[in-house]
Amino acid sequence: FLVAALSLLVATHSLLLSHPLYISRKDIMSSAAAARGRAAATRMAAASKSRPRVKRSSTSAGKSTSKKQKTANEDASSLSWYHFFTKGDEEYDLYMAEEWGFEKRSDRDLFEKLSLEGAQAGLSWKTILTKREAYRRTFHNFDVDKCTNMKSSDITKILETEGSGPEIIVRHKGKIESVINNAKMIQKMRKEELKESGQTFGEFLWSFVDDKPILNSWKSLTDMASKTEESEAMSKALKKRGFRFVGPTTCYSMMQACGFVIDHPVNSKEWNEAKKLLEKRPGGYQKR
């Protein structure tokens with residue numbers, strides 16, 4: 001009888017295990033958790049019913065998304081073309097907005113820019129821009145006569161200056177020597193050929209574009225030149241007169257910065273503004 005009873009019990013258990021309504025202990029624990037979850041959801045639903053509800057149609061949601069996209073597009077379109085490399089740097093943005101591409105004609109301004117572009121060789125312009133005030137202090141605000149009088153002891157002092165950051169110029173002996181050397185070459189030109197021609201050093205440089213800014217029409221930054229026939233001619237002429245660190249790319253960078261050429265991408269906000277100014281410029285301009 002006992003054996004028969006045990007057999008019946010085993011058979012019944014097997015049947016229960018195979019039945020679709022059988023729930024194991026694991027399933028029970030999961031079901032309990034699920035029940036607690038449903039109860040919590042029920043309480044939340046009840047609470048939400050007691051609060052006022054604002055209906056948002058799919059149309060209004062679409063309009064909201066569209067409005068946000070429009071705002072994002074407007075924000076992007078308001079950025080200047082150079083934002084991608086200035087990356088919002090305040091000093092760099094200000095330089096591009098108020099200096100780069102504007103005419104500079106004085107000997108001091110052009111001597112400074114030629115010197116700083118030479119210092120930039122192999123580096124970024126941002127590096128030199130952050131140190132510009134240090135360069136001005138070091139080289140007597142780029143006064144040609146004062147730079148001409150700098151001695152080898154001044155160079156040694158500059159090279160041995162301790163520290164780093166924007167208060168210290170790039171301690172490259174060749175570049176430092178080139179500033180003093182180039183000042184001497186300008187002074188020599190003033191005493192000789194510039195005296196005979198009645199030109200200033202600035203007028204000599206501007207003669208390479210026939211004293212008329214060139215408005216370029218680059219469709220994209222990849223089209224923009226790094227040197228031109230004019231910058232190569234300028235570089236050759238300066239090197240012939242003993243200047244250093246004045247390659248055609250350095251000369252072209254100076255020409256871009258000082259308004260010899262206008263290299264904003266065509267139809268950008270900056271290009272259109274430059275074009276308006278050039279159309280009012282006495283002496284005209286060249287368009288390419």
# chains A, B, ... in the order shown; residues from 1 in each chain; ligands from 1
$ residues_around --residues "A:Ile186" --least-positions-apart "3" --cutoff "8 Å" --atoms "only C-alpha atoms" --output "mmCIF file with all heavy atoms, in the first residue's frame"
data_model
loop_
_atom_site.group_PDB
_atom_site.id
_atom_site.type_symbol
_atom_site.label_atom_id
_atom_site.label_comp_id
_atom_site.auth_asym_id
_atom_site.auth_seq_id
_atom_site.Cartn_x
_atom_site.Cartn_y
_atom_site.Cartn_z
ATOM 1 N N VAL A 144 61.448 100.340 -35.101
ATOM 2 C CA VAL A 144 62.549 99.877 -35.949
ATOM 3 C C VAL A 144 63.897 100.350 -35.436
ATOM 4 O O VAL A 144 64.859 99.555 -35.334
ATOM 5 C CB VAL A 144 62.346 100.334 -37.410
ATOM 6 C CG1 VAL A 144 63.587 100.009 -38.259
ATOM 7 C CG2 VAL A 144 61.110 99.667 -38.012
ATOM 8 N N ASN A 182 66.066 92.122 -39.325
ATOM 9 C CA ASN A 182 65.115 92.730 -40.259
ATOM 10 C C ASN A 182 64.924 94.215 -39.988
ATOM 11 O O ASN A 182 64.710 95.004 -40.911
ATOM 12 C CB ASN A 182 63.780 91.986 -40.213
ATOM 13 C CG ASN A 182 63.899 90.563 -40.749
ATOM 14 O OD1 ASN A 182 64.922 90.195 -41.347
ATOM 15 N ND2 ASN A 182 62.873 89.759 -40.547
ATOM 16 N N ALA A 183 65.005 94.592 -38.710
ATOM 17 C CA ALA A 183 64.932 96.017 -38.370
ATOM 18 C C ALA A 183 66.109 96.759 -39.009
ATOM 19 O O ALA A 183 65.953 97.868 -39.545
ATOM 20 C CB ALA A 183 64.944 96.196 -36.857
ATOM 21 N N MET A 189 67.278 100.145 -45.932
ATOM 22 C CA MET A 189 66.443 100.524 -47.077
ATOM 23 C C MET A 189 66.027 101.992 -46.993
ATOM 24 O O MET A 189 65.981 102.697 -48.000
ATOM 25 C CB MET A 189 65.202 99.628 -47.138
ATOM 26 C CG MET A 189 65.470 98.190 -47.549
ATOM 27 S SD MET A 189 63.942 97.203 -47.559
ATOM 28 C CE MET A 189 63.064 97.950 -48.949
ATOM 29 N N ARG A 190 65.735 102.448 -45.797
ATOM 30 C CA ARG A 190 65.320 103.837 -45.607
ATOM 31 C C ARG A 190 66.445 104.805 -46.000
ATOM 32 O O ARG A 190 66.195 105.875 -46.562
ATOM 33 C CB ARG A 190 64.933 104.082 -44.144
ATOM 34 C CG ARG A 190 63.577 103.523 -43.743
ATOM 35 C CD ARG A 190 63.375 103.665 -42.244
ATOM 36 N NE ARG A 190 62.021 103.289 -41.822
ATOM 37 C CZ ARG A 190 61.640 103.206 -40.553
ATOM 38 N NH1 ARG A 190 62.525 103.465 -39.575
ATOM 39 N NH2 ARG A 190 60.406 102.868 -40.246
ATOM 40 N N PHE A 201 58.632 101.967 -45.996
ATOM 41 C CA PHE A 201 58.723 100.505 -46.069
ATOM 42 C C PHE A 201 57.345 99.918 -46.343
ATOM 43 O O PHE A 201 57.205 98.970 -47.128
ATOM 44 C CB PHE A 201 59.288 99.949 -44.759
ATOM 45 C CG PHE A 201 59.380 98.453 -44.721
ATOM 46 C CD1 PHE A 201 60.217 97.766 -45.587
ATOM 47 C CD2 PHE A 201 58.618 97.717 -43.817
ATOM 48 C CE1 PHE A 201 60.300 96.376 -45.560
ATOM 49 C CE2 PHE A 201 58.696 96.335 -43.770
ATOM 50 C CZ PHE A 201 59.539 95.656 -44.644
#
$ select_by_dssp --residues "stretch 179-278 of chain A" --states "helix (DSSP H, G or I)" --output "PDB file with N, CA and C atoms, in the first residue's frame"
ATOM      1  N   VAL A 179      64.334  89.278 -36.002  1.00  0.00           N
ATOM      2  CA  VAL A 179      63.624  90.540 -35.751  1.00  0.00           C
ATOM      3  C   VAL A 179      64.620  91.706 -35.767  1.00  0.00           C
ATOM      4  N   ILE A 180      65.735  91.522 -35.066  1.00  0.00           N
ATOM      5  CA  ILE A 180      66.759  92.570 -35.003  1.00  0.00           C
ATOM      6  C   ILE A 180      67.396  92.771 -36.370  1.00  0.00           C
ATOM      7  N   ASN A 181      67.684  91.656 -37.038  1.00  0.00           N
ATOM      8  CA  ASN A 181      68.267  91.738 -38.379  1.00  0.00           C
ATOM      9  C   ASN A 181      67.343  92.465 -39.351  1.00  0.00           C
ATOM     10  N   ASN A 182      66.066  92.122 -39.325  1.00  0.00           N
ATOM     11  CA  ASN A 182      65.115  92.730 -40.259  1.00  0.00           C
ATOM     12  C   ASN A 182      64.924  94.215 -39.988  1.00  0.00           C
ATOM     13  N   ALA A 183      65.005  94.592 -38.710  1.00  0.00           N
ATOM     14  CA  ALA A 183      64.932  96.017 -38.370  1.00  0.00           C
ATOM     15  C   ALA A 183      66.109  96.759 -39.009  1.00  0.00           C
ATOM     16  N   LYS A 184      67.272  96.142 -38.965  1.00  0.00           N
ATOM     17  CA  LYS A 184      68.461  96.747 -39.579  1.00  0.00           C
ATOM     18  C   LYS A 184      68.301  96.854 -41.098  1.00  0.00           C
ATOM     19  N   MET A 185      67.662  95.846 -41.695  1.00  0.00           N
ATOM     20  CA  MET A 185      67.463  95.880 -43.143  1.00  0.00           C
ATOM     21  C   MET A 185      66.475  96.992 -43.542  1.00  0.00           C
ATOM     22  N   ILE A 186      65.461  97.201 -42.724  1.00  0.00           N
ATOM     23  CA  ILE A 186      64.506  98.293 -42.990  1.00  0.00           C
ATOM     24  C   ILE A 186      65.230  99.631 -42.881  1.00  0.00           C
ATOM     25  N   GLN A 187      66.043  99.761 -41.852  1.00  0.00           N
ATOM     26  CA  GLN A 187      66.785 100.999 -41.669  1.00  0.00           C
ATOM     27  C   GLN A 187      67.724 101.247 -42.857  1.00  0.00           C
ATOM     28  N   LYS A 188      68.349 100.197 -43.328  1.00  0.00           N
ATOM     29  CA  LYS A 188      69.242 100.313 -44.486  1.00  0.00           C
ATOM     30  C   LYS A 188      68.462 100.736 -45.723  1.00  0.00           C
ATOM     31  N   MET A 189      67.278 100.145 -45.932  1.00  0.00           N
ATOM     32  CA  MET A 189      66.443 100.524 -47.077  1.00  0.00           C
ATOM     33  C   MET A 189      66.027 101.992 -46.993  1.00  0.00           C
ATOM     34  N   ARG A 190      65.735 102.448 -45.797  1.00  0.00           N
ATOM     35  CA  ARG A 190      65.320 103.837 -45.607  1.00  0.00           C
ATOM     36  C   ARG A 190      66.445 104.805 -46.000  1.00  0.00           C
ATOM     37  N   LYS A 191      67.650 104.395 -45.713  1.00  0.00           N
ATOM     38  CA  LYS A 191      68.785 105.266 -46.001  1.00  0.00           C
ATOM     39  C   LYS A 191      69.180 105.238 -47.471  1.00  0.00           C
ATOM     40  N   GLU A 193      67.504 102.916 -50.924  1.00  0.00           N
ATOM     41  CA  GLU A 193      66.509 102.896 -52.004  1.00  0.00           C
ATOM     42  C   GLU A 193      65.198 103.596 -51.660  1.00  0.00           C
ATOM     43  N   LEU A 194      64.736 103.469 -50.413  1.00  0.00           N
ATOM     44  CA  LEU A 194      63.481 104.127 -50.056  1.00  0.00           C
ATOM     45  C   LEU A 194      63.638 105.644 -50.046  1.00  0.00           C
ATOM     46  N   LYS A 195      64.827 106.095 -49.693  1.00  0.00           N
ATOM     47  CA  LYS A 195      65.095 107.534 -49.714  1.00  0.00           C
ATOM     48  C   LYS A 195      65.059 108.052 -51.144  1.00  0.00           C
ATOM     49  N   GLU A 196      65.598 107.270 -52.045  1.00  0.00           N
ATOM     50  CA  GLU A 196      65.632 107.669 -53.455  1.00  0.00           C
ATOM     51  C   GLU A 196      64.238 107.645 -54.079  1.00  0.00           C
ATOM     52  N   SER A 197      63.457 106.620 -53.729  1.00  0.00           N
ATOM     53  CA  SER A 197      62.123 106.480 -54.325  1.00  0.00           C
ATOM     54  C   SER A 197      61.073 107.326 -53.621  1.00  0.00           C
ATOM     55  N   PHE A 201      58.632 101.967 -45.996  1.00  0.00           N
ATOM     56  CA  PHE A 201      58.723 100.505 -46.069  1.00  0.00           C
ATOM     57  C   PHE A 201      57.345  99.918 -46.343  1.00  0.00           C
ATOM     58  N   GLY A 202      56.325 100.505 -45.722  1.00  0.00           N
ATOM     59  CA  GLY A 202      54.959 100.035 -45.943  1.00  0.00           C
ATOM     60  C   GLY A 202      54.544 100.177 -47.394  1.00  0.00           C
ATOM     61  N   GLU A 203      54.882 101.290 -48.010  1.00  0.00           N
ATOM     62  CA  GLU A 203      54.533 101.508 -49.421  1.00  0.00           C
ATOM     63  C   GLU A 203      55.278 100.536 -50.322  1.00  0.00           C
ATOM     64  N   PHE A 204      56.504 100.209 -49.942  1.00  0.00           N
ATOM     65  CA  PHE A 204      57.275  99.209 -50.693  1.00  0.00           C
ATOM     66  C   PHE A 204      56.546  97.868 -50.685  1.00  0.00           C
ATOM     67  N   LEU A 205      56.079  97.444 -49.514  1.00  0.00           N
ATOM     68  CA  LEU A 205      55.366  96.163 -49.418  1.00  0.00           C
ATOM     69  C   LEU A 205      54.053  96.202 -50.198  1.00  0.00           C
ATOM     70  N   TRP A 206      53.328  97.298 -50.088  1.00  0.00           N
ATOM     71  CA  TRP A 206      52.042  97.413 -50.777  1.00  0.00           C
ATOM     72  C   TRP A 206      52.195  97.461 -52.298  1.00  0.00           C
ATOM     73  N   SER A 207      53.380  97.776 -52.770  1.00  0.00           N
ATOM     74  CA  SER A 207      53.592  97.832 -54.228  1.00  0.00           C
ATOM     75  C   SER A 207      53.446  96.457 -54.877  1.00  0.00           C
ATOM     76  N   PHE A 208      53.558  95.390 -54.077  1.00  0.00           N
ATOM     77  CA  PHE A 208      53.455  94.038 -54.639  1.00  0.00           C
ATOM     78  C   PHE A 208      52.014  93.667 -54.991  1.00  0.00           C
ATOM     79  N   VAL A 209      51.063  94.492 -54.564  1.00  0.00           N
ATOM     80  CA  VAL A 209      49.667  94.308 -54.993  1.00  0.00           C
ATOM     81  C   VAL A 209      49.177  95.588 -55.693  1.00  0.00           C
ATOM     82  N   LEU A 221      37.464  76.810 -47.531  1.00  0.00           N
ATOM     83  CA  LEU A 221      38.792  76.985 -46.948  1.00  0.00           C
ATOM     84  C   LEU A 221      39.830  76.100 -47.634  1.00  0.00           C
ATOM     85  N   THR A 222      39.378  74.991 -48.192  1.00  0.00           N
ATOM     86  CA  THR A 222      40.323  74.105 -48.880  1.00  0.00           C
ATOM     87  C   THR A 222      40.830  74.735 -50.171  1.00  0.00           C
ATOM     88  N   ASP A 223      40.085  75.699 -50.704  1.00  0.00           N
ATOM     89  CA  ASP A 223      40.514  76.390 -51.920  1.00  0.00           C
ATOM     90  C   ASP A 223      41.511  77.507 -51.621  1.00  0.00           C
ATOM     91  N   GLU A 229      51.625  84.380 -56.320  1.00  0.00           N
ATOM     92  CA  GLU A 229      52.707  85.003 -57.080  1.00  0.00           C
ATOM     93  C   GLU A 229      53.188  86.273 -56.376  1.00  0.00           C
ATOM     94  N   GLU A 230      52.223  87.018 -55.810  1.00  0.00           N
ATOM     95  CA  GLU A 230      52.573  88.259 -55.125  1.00  0.00           C
ATOM     96  C   GLU A 230      53.410  87.998 -53.873  1.00  0.00           C
ATOM     97  N   SER A 231      53.021  86.984 -53.102  1.00  0.00           N
ATOM     98  CA  SER A 231      53.776  86.707 -51.876  1.00  0.00           C
ATOM     99  C   SER A 231      55.148  86.122 -52.208  1.00  0.00           C
ATOM    100  N   GLU A 232      55.235  85.363 -53.290  1.00  0.00           N
ATOM    101  CA  GLU A 232      56.526  84.829 -53.704  1.00  0.00           C
ATOM    102  C   GLU A 232      57.451  85.943 -54.176  1.00  0.00           C
ATOM    103  N   ALA A 233      56.892  86.915 -54.895  1.00  0.00           N
ATOM    104  CA  ALA A 233      57.691  88.058 -55.352  1.00  0.00           C
ATOM    105  C   ALA A 233      58.161  88.892 -54.161  1.00  0.00           C
ATOM    106  N   MET A 234      57.271  89.111 -53.195  1.00  0.00           N
ATOM    107  CA  MET A 234      57.633  89.862 -51.990  1.00  0.00           C
ATOM    108  C   MET A 234      58.733  89.146 -51.218  1.00  0.00           C
ATOM    109  N   SER A 235      58.566  87.841 -51.029  1.00  0.00           N
ATOM    110  CA  SER A 235      59.554  87.047 -50.305  1.00  0.00           C
ATOM    111  C   SER A 235      60.925  87.114 -50.988  1.00  0.00           C
ATOM    112  N   LYS A 236      60.920  86.969 -52.283  1.00  0.00           N
ATOM    113  CA  LYS A 236      62.180  87.012 -53.046  1.00  0.00           C
ATOM    114  C   LYS A 236      62.864  88.363 -52.901  1.00  0.00           C
ATOM    115  N   ALA A 237      62.075  89.428 -52.960  1.00  0.00           N
ATOM    116  CA  ALA A 237      62.631  90.786 -52.854  1.00  0.00           C
ATOM    117  C   ALA A 237      63.193  91.036 -51.456  1.00  0.00           C
ATOM    118  N   LEU A 238      62.505  90.579 -50.435  1.00  0.00           N
ATOM    119  CA  LEU A 238      62.971  90.793 -49.062  1.00  0.00           C
ATOM    120  C   LEU A 238      64.232  89.975 -48.776  1.00  0.00           C
ATOM    121  N   LYS A 239      64.240  88.734 -49.223  1.00  0.00           N
ATOM    122  CA  LYS A 239      65.422  87.891 -49.019  1.00  0.00           C
ATOM    123  C   LYS A 239      66.635  88.478 -49.732  1.00  0.00           C
ATOM    124  N   LYS A 240      66.410  89.022 -50.902  1.00  0.00           N
ATOM    125  CA  LYS A 240      67.489  89.643 -51.670  1.00  0.00           C
ATOM    126  C   LYS A 240      68.099  90.803 -50.888  1.00  0.00           C
ATOM    127  N   PRO A 248      57.599  82.750 -48.693  1.00  0.00           N
ATOM    128  CA  PRO A 248      56.353  83.154 -49.360  1.00  0.00           C
ATOM    129  C   PRO A 248      55.087  82.874 -48.550  1.00  0.00           C
ATOM    130  N   THR A 249      55.095  81.809 -47.755  1.00  0.00           N
ATOM    131  CA  THR A 249      53.923  81.517 -46.909  1.00  0.00           C
ATOM    132  C   THR A 249      53.824  82.518 -45.762  1.00  0.00           C
ATOM    133  N   THR A 250      54.962  82.861 -45.170  1.00  0.00           N
ATOM    134  CA  THR A 250      54.983  83.875 -44.104  1.00  0.00           C
ATOM    135  C   THR A 250      54.516  85.218 -44.651  1.00  0.00           C
ATOM    136  N   CYS A 251      54.996  85.566 -45.838  1.00  0.00           N
ATOM    137  CA  CYS A 251      54.588  86.831 -46.453  1.00  0.00           C
ATOM    138  C   CYS A 251      53.091  86.828 -46.750  1.00  0.00           C
ATOM    139  N   TYR A 252      52.581  85.685 -47.204  1.00  0.00           N
ATOM    140  CA  TYR A 252      51.156  85.636 -47.528  1.00  0.00           C
ATOM    141  C   TYR A 252      50.306  85.756 -46.269  1.00  0.00           C
ATOM    142  N   SER A 253      50.749  85.147 -45.177  1.00  0.00           N
ATOM    143  CA  SER A 253      50.017  85.273 -43.916  1.00  0.00           C
ATOM    144  C   SER A 253      49.960  86.727 -43.472  1.00  0.00           C
ATOM    145  N   MET A 254      51.069  87.434 -43.647  1.00  0.00           N
ATOM    146  CA  MET A 254      51.099  88.851 -43.319  1.00  0.00           C
ATOM    147  C   MET A 254      50.159  89.632 -44.232  1.00  0.00           C
ATOM    148  N   MET A 255      50.129  89.286 -45.505  1.00  0.00           N
ATOM    149  CA  MET A 255      49.256  89.963 -46.466  1.00  0.00           C
ATOM    150  C   MET A 255      47.785  89.730 -46.134  1.00  0.00           C
ATOM    151  N   GLN A 256      47.442  88.528 -45.720  1.00  0.00           N
ATOM    152  CA  GLN A 256      46.064  88.234 -45.310  1.00  0.00           C
ATOM    153  C   GLN A 256      45.669  89.066 -44.094  1.00  0.00           C
ATOM    154  N   ALA A 257      46.545  89.078 -43.101  1.00  0.00           N
ATOM    155  CA  ALA A 257      46.245  89.755 -41.845  1.00  0.00           C
ATOM    156  C   ALA A 257      46.155  91.267 -41.997  1.00  0.00           C
ATOM    157  N   LYS A 269      29.441  86.410 -44.221  1.00  0.00           N
ATOM    158  CA  LYS A 269      29.111  87.724 -43.669  1.00  0.00           C
ATOM    159  C   LYS A 269      30.322  88.648 -43.742  1.00  0.00           C
ATOM    160  N   GLU A 270      31.489  88.121 -43.381  1.00  0.00           N
ATOM    161  CA  GLU A 270      32.703  88.936 -43.359  1.00  0.00           C
ATOM    162  C   GLU A 270      33.132  89.337 -44.764  1.00  0.00           C
ATOM    163  N   TRP A 271      32.961  88.430 -45.713  1.00  0.00           N
ATOM    164  CA  TRP A 271      33.322  88.736 -47.110  1.00  0.00           C
ATOM    165  C   TRP A 271      32.432  89.858 -47.647  1.00  0.00           C
ATOM    166  N   ASN A 272      31.141  89.777 -47.388  1.00  0.00           N
ATOM    167  CA  ASN A 272      30.206  90.810 -47.868  1.00  0.00           C
ATOM    168  C   ASN A 272      30.500  92.172 -47.245  1.00  0.00           C
ATOM    169  N   GLU A 273      30.837  92.172 -45.959  1.00  0.00           N
ATOM    170  CA  GLU A 273      31.161  93.433 -45.295  1.00  0.00           C
ATOM    171  C   GLU A 273      32.446  94.033 -45.847  1.00  0.00           C
ATOM    172  N   ALA A 274      33.435  93.171 -46.104  1.00  0.00           N
ATOM    173  CA  ALA A 274      34.704  93.648 -46.669  1.00  0.00           C
ATOM    174  C   ALA A 274      34.490  94.219 -48.069  1.00  0.00           C
ATOM    175  N   LYS A 275      33.651  93.570 -48.837  1.00  0.00           N
ATOM    176  CA  LYS A 275      33.369  94.023 -50.201  1.00  0.00           C
ATOM    177  C   LYS A 275      32.745  95.425 -50.190  1.00  0.00           C
ATOM    178  N   LYS A 276      31.830  95.660 -49.261  1.00  0.00           N
ATOM    179  CA  LYS A 276      31.194  96.977 -49.157  1.00  0.00           C
ATOM    180  C   LYS A 276      32.213  98.063 -48.841  1.00  0.00           C
ATOM    181  N   LEU A 277      33.150  97.738 -47.934  1.00  0.00           N
ATOM    182  CA  LEU A 277      34.189  98.702 -47.584  1.00  0.00           C
ATOM    183  C   LEU A 277      35.117  98.968 -48.769  1.00  0.00           C
ATOM    184  N   LEU A 278      35.461  97.918 -49.493  1.00  0.00           N
ATOM    185  CA  LEU A 278      36.358  98.074 -50.638  1.00  0.00           C
ATOM    186  C   LEU A 278      35.723  98.904 -51.751  1.00  0.00           C
TER     187      LEU A 278
END
$ residues_around --residues "A:Ile158" --least-positions-apart "2" --cutoff "12 Å" --atoms "only C-alpha atoms" --output "NGL selection string"
:A and (134-135 or 137-139 or 150-156 or 160-163 or 167-173 or 175-177)
$ residues_around --residues "A:Gly283" --least-positions-apart "5" --cutoff "12 Å" --atoms "only C-alpha atoms" --output "number ranges by chain"
A: 210-213, 278
$ residues_around --residues "A:Gly165" --least-positions-apart "6" --cutoff "10 Å" --atoms "only C-alpha atoms" --output "list of chain:residue names"
A:Thr127, A:Thr130, A:Lys131, A:Ala134
$ write_last_selection --atoms "N, CA and C atoms" --output "JSON list (two decimals), in the first residue's frame"
[["chain", "number", "residue", "atom", "x", "y", "z"],
["A", 127, "THR", "N", 49.15, 80.59, -30.45],
["A", 127, "THR", "CA", 50.31, 80.60, -29.55],
["A", 127, "THR", "C", 50.98, 81.97, -29.56],
["A", 130, "THR", "N", 48.65, 84.98, -28.11],
["A", 130, "THR", "CA", 48.61, 85.08, -26.65],
["A", 130, "THR", "C", 49.89, 85.68, -26.08],
["A", 131, "LYS", "N", 50.96, 85.66, -26.87],
["A", 131, "LYS", "CA", 52.24, 86.20, -26.45],
["A", 131, "LYS", "C", 52.55, 87.56, -27.09],
["A", 134, "ALA", "N", 53.90, 90.26, -24.94],
["A", 134, "ALA", "CA", 55.27, 89.95, -24.51],
["A", 134, "ALA", "C", 56.26, 90.31, -25.61]]
$ atom_distance --atom1 "atom CA of A:Lys87" --atom2 "atom CA of A:Thr228"
27.9 Å
$ atom_distance --atom1 "atom CA of A:Tyr95" --atom2 "atom CA of A:Arg132"
11.5 Å
